[in-house]
Every structure is written in structure tokens, then in C-alpha cells.
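Next up, input22.cif (mmCIF, C-alpha atoms):
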data_entry
loop_
_atom_site.label_atom_id
_atom_site.label_comp_id
_atom_site.auth_asym_id
_atom_site.auth_seq_id
_atom_site.Cartn_x
_atom_site.Cartn_y
_atom_site.Cartn_z
CA MET Q 27 191.13 272.01 205.50
CA GLU Q 28 194.54 270.64 204.63
CA ARG Q 29 197.20 270.38 207.34
CA LYS Q 30 199.50 272.80 205.50
CA GLU Q 31 196.71 275.36 205.16
CA PHE Q 32 195.86 275.04 208.86
CA ILE Q 33 199.49 275.59 209.91
CA GLU Q 34 199.77 278.64 207.64
CA LYS Q 35 196.62 280.21 209.14
CA VAL Q 36 197.75 279.54 212.71
CA GLY Q 37 201.19 280.96 211.92
CA LEU Q 38 199.73 284.14 210.41
CA SER Q 39 197.39 284.60 213.36
CA GLY Q 40 200.28 284.20 215.81
CA ALA Q 41 202.40 286.68 213.89
CA ALA Q 42 199.56 289.22 213.90
CA ILE Q 43 199.17 288.88 217.67
CA LEU Q 44 202.92 289.33 218.22
CA ILE Q 45 203.07 292.40 216.00
CA PHE Q 46 200.08 293.96 217.76
CA GLY Q 47 201.69 293.32 221.17
CA CYS Q 48 205.01 294.80 220.05
CA MET Q 49 203.32 297.89 218.66
CA GLN Q 50 201.50 298.49 221.94
CA SER Q 51 204.60 298.01 224.08
CA CYS Q 52 206.59 300.40 221.88
CA SER Q 53 204.12 303.23 222.36
CA LYS Q 54 205.71 306.54 223.37
CA ASP Q 55 202.60 307.83 225.11
CA GLU Q 56 203.48 307.74 228.83
CA ALA Q 57 199.88 308.01 230.00
CA SER Q 58 198.68 304.98 228.06
CA SER Q 59 201.72 302.87 228.99
CA ASN Q 60 201.27 303.65 232.69
CA SER Q 61 197.59 302.77 232.65
CA SER Q 62 198.32 299.38 231.08
CA ASN Q 63 200.65 298.56 234.00
CA THR Q 64 198.04 299.34 236.63
CA PRO Q 65 196.58 296.13 238.03
CA PRO Q 66 192.86 295.57 238.42
CA ASN Q 67 191.40 297.27 241.49
CA SER Q 68 194.39 299.57 241.95
CA ASN Q 69 194.13 302.83 243.89
CA SER Q 70 196.95 304.57 242.07
CA GLY Q 71 194.82 307.57 241.18
CA ASN Q 72 196.35 309.80 243.86
CA ASN Q 73 199.08 311.49 241.82
CA SER Q 74 199.52 314.36 244.28
CA SER Q 75 202.34 312.56 246.08
CA ASN Q 76 204.96 309.99 245.24
CA LYS Q 77 204.08 307.82 248.22
CA VAL Q 78 203.21 304.21 247.49
CA ASP Q 79 199.53 303.44 248.12
CA PHE Q 80 197.69 300.87 246.01
CA VAL Q 81 195.17 298.06 246.36
CA ILE Q 82 195.23 294.71 244.59
CA ASP Q 83 192.76 291.85 244.62
CA ILE Q 84 194.45 288.60 245.63
CA ASN Q 85 191.74 286.66 243.79
CA THR Q 86 192.94 288.18 240.49
CA ALA Q 87 195.99 286.93 238.55
CA PRO Q 88 198.90 287.42 238.90
CA TYR Q 89 198.26 288.27 242.56
CA ASP Q 90 196.20 285.14 243.29
CA VAL Q 91 199.44 283.38 244.33
CA LEU Q 92 199.27 285.50 247.50
CA LYS Q 93 196.37 283.39 248.76
CA ASN Q 94 198.91 280.66 249.60
CA VAL Q 95 201.71 280.77 252.17
CA GLY Q 96 204.99 281.02 250.27
CA GLY Q 97 203.45 282.73 247.25
CA PHE Q 98 204.89 285.98 245.98
CA ALA Q 99 204.17 288.52 243.25
CA ILE Q 100 205.84 291.63 241.97
CA TYR Q 101 203.96 294.89 241.52
CA ASN Q 102 206.07 296.26 238.67
CA GLU Q 103 204.70 299.81 238.63
CA SER Q 104 206.23 300.55 242.04
CA LYS Q 105 208.92 297.82 241.96
CA ILE Q 106 207.59 296.07 245.06
CA ILE Q 107 207.72 292.36 245.86
CA ILE Q 108 204.81 291.08 247.94
CA ALA Q 109 205.09 287.74 249.75
CA ARG Q 110 202.71 285.65 251.84
CA ALA Q 111 205.03 284.69 254.72
CA THR Q 112 202.36 283.08 256.96
CA ASP Q 113 198.59 282.74 257.03
CA ASN Q 114 198.41 286.10 258.82
CA GLU Q 115 201.44 287.92 257.43
CA ILE Q 116 201.87 289.50 254.01
CA ILE Q 117 205.15 291.34 253.52
CA ALA Q 118 205.94 294.05 250.95
CA VAL Q 119 209.46 295.36 250.27
CA SER Q 120 211.36 296.88 247.36
CA SER Q 121 211.85 294.25 244.64
CA ILE Q 122 215.27 295.61 243.62
CA CYS Q 123 218.49 294.41 245.27
CA THR Q 124 220.38 297.27 246.90
CA HIS Q 125 223.71 295.87 245.72
CA GLN Q 126 223.46 296.11 241.92
CA GLY Q 127 219.77 296.52 241.16
CA ALA Q 128 218.83 292.95 240.23
CA ALA Q 129 215.29 291.65 240.73
CA LEU Q 130 214.56 289.70 243.90
CA VAL Q 131 212.51 286.55 244.48
CA TYR Q 132 210.98 285.23 247.70
CA ARG Q 133 212.19 281.89 249.03
CA SER Q 134 209.57 280.53 251.39
CA ASN Q 135 211.81 277.69 252.62
CA THR Q 136 214.20 280.25 254.17
CA SER Q 137 211.70 283.12 254.60
CA LYS Q 138 214.12 285.42 252.77
CA PHE Q 139 214.17 287.65 249.72
CA TYR Q 140 216.95 286.42 247.46
CA CYS Q 141 219.04 288.05 244.74
CA ALA Q 142 220.28 285.47 242.23
CA LEU Q 143 222.83 287.87 240.74
CA HIS Q 144 225.27 287.83 243.67
CA GLY Q 145 223.53 285.77 246.37
CA SER Q 146 222.39 288.49 248.75
CA ASN Q 147 219.59 287.54 251.12
CA PHE Q 148 217.23 289.90 252.93
CA ASN Q 149 215.09 289.18 256.00
CA LEU Q 150 211.32 289.68 255.97
CA ASN Q 151 211.75 293.20 257.40
CA GLY Q 152 214.11 294.08 254.51
CA SER Q 153 217.32 294.00 256.54
CA VAL Q 154 220.38 292.36 255.00
CA ALA Q 155 220.83 288.73 256.08
CA ASN Q 156 224.00 288.29 254.04
CA GLY Q 157 225.79 290.32 251.38
CA PRO Q 158 227.32 291.49 249.22
CA ALA Q 159 224.37 293.89 249.62
CA ALA Q 160 224.97 296.25 252.53
CA GLN Q 161 221.79 298.38 252.49
CA SER Q 162 218.34 297.24 253.64
CA LEU Q 163 215.31 297.09 251.37
CA LYS Q 164 212.51 299.61 251.83
CA GLN Q 165 209.60 297.99 253.66
CA TYR Q 166 205.93 298.87 253.09
CA ASN Q 167 202.82 298.43 255.22
CA THR Q 168 200.15 295.94 254.19
CA THR Q 169 196.52 295.51 255.19
CA LEU Q 170 194.32 292.66 253.96
CA THR Q 171 190.55 293.20 254.04
CA GLY Q 172 188.76 290.21 252.53
CA THR Q 173 190.60 289.72 249.22
CA LYS Q 174 191.72 293.36 248.90
CA LEU Q 175 195.36 293.92 249.82
CA ARG Q 176 196.47 297.49 250.41
CA VAL Q 177 200.20 298.27 250.18
CA PHE Q 178 201.20 301.70 251.43
CA GLU Q 179 203.81 303.90 253.11
#
Exercise: express the given structure as C-alpha cells:
Amino acid sequence: MERKEFIEKVGLSGAAILIFGCMQSCSKDEASSNSSNTPPNSNSGNNSSNKVDFVIDINTAPYDVLKNVGGFAIYNESKIIIARATDNEIIAVSSICTHQGAALVYRSNTSKFYCALHGSNFNLNGSVANGPAAQSLKQYNTTLTGTKLRVFE
């Protein structure tokens, strides 16, 4: 196979994959789009209430980072950031800054949730460490059994 022919085939394959992905993400069917956001091993089947209650496997990507102290992941369906603060402590709080709605990250070196938009920091319990945010983050309960992490209200 000639180099030019190889590059053309790879390019066409990549384009097909991109188009397929775009078509799926543009779907208007709410049920199918919600099911694609549900992580493996999730217990989000209880639709009778709006309370947060789900289970993730920390051996499964993208949640496998939670096996290490300092690792964090975001559960997008419920907008929750989950961080491994210590060997025995996994914290879950809202992943949205209360100041202007920007996404948060976890900084293990300061043990704080940080908003890059305006510099707000939140303590592990969700309280404001420094503003401009003035309102605390919602905190959730966590229970780790083996590799199954339950996050709930």
C-alpha cells in the first residue's frame, strides 16, 4: 500500500468516527442521551425522587483515579466532584462554583476545591475558604465497600 493511500484511508476512517460521534451526541431523545451518561455500575434507576444516590466502581475509568490519594473525578450526570482526600476519606460535593457556575477541580496540595474562573476555594466540607464565592457547596455522603463507591444524600 502506498503512503498516500494509507493516509487517505486513515483520514476517511477518522472522519467516519467523528461524524458518528457527532450524530450520537446531537440526538434529541432524552432517554437515550441520559443512559449514555450513566457510568458502569450506577444505581440511578430510582427515578421516584430527585435525591442523589448512585454507585460507581473505582476500578473502572474514569473513576479509577479515586484509588489514589489526591485523585478526583466528576460525575457529570449529577454535577458532583468526587475526591480522594486521604486513604480513608472520599469527599463528594457539587462540582459547580456557587459564584458564577464554573466547573471546579480538586487541588490535593491544598486539600481544596478550586474555581479557576475567579479563584474561589472551598474546604473539603464544601464551605467557602475564600471568595468571591459566598455560598457553600452541597456536600454528599460517601461509602466505599471494596471498589464500589456509593454517593448519596
Notebook entry, point to check: If the PyMOL selection byres ((chain Q and resi 130-142) around 12) is run on the structure shown, which residues does it catch, given as a ChimeraX atom specification?
Noted result: /Q:92,94-100,102,105-112,115-129,143-159,162-163,165
Notebook entry, point to check: How many Å lie between CA of Ala87 (chain Q) and CA of Asn167 (chain Q), rounded to one decimal?
Noted result: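 It comes out at 21.4 Å.
For the residues Q:Gln161, Q:Val177, Q:Thr171, Q:Thr86, ranking by smallest atom-to-atom distance to Ser104 (chain Q) using only C-alpha atoms places Q:Val177 first.
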Notebook entry, point to check: Can you tell me, as a list in words, which residues sit within 10 Å of (197.7, 297.4, 247.8) in the file's frame, using all atoms listed in the file?
Noted result: Pro65, Asn67, Ser68, Asn69, Ser70, Val78, Asp79, Phe80, Val81, Ile82, Asp83, Ile84, Tyr101, Ile108, Ala118, Tyr166, Asn167, Thr168, Thr169, Leu170, Lys174, Leu175, Arg176, Val177 and Phe178 of chain Q
Axis-aligned box for region 106-118 of chain Q, 5 Å per side, centre and edges in Å as AutoDock Vina command-line options:
--center_x 203.1 --center_y 289.4 --center_z 251.9 --size_x 19.3 --size_y 23.3 --size_z 23.8
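If you measure from each of Q:Glu103, Q:Asp90, Q:Asn76, Q:Asn85 to Gly172 (chain Q) using all atoms listed in the file, the closest one turns out to be Q:Asn85.
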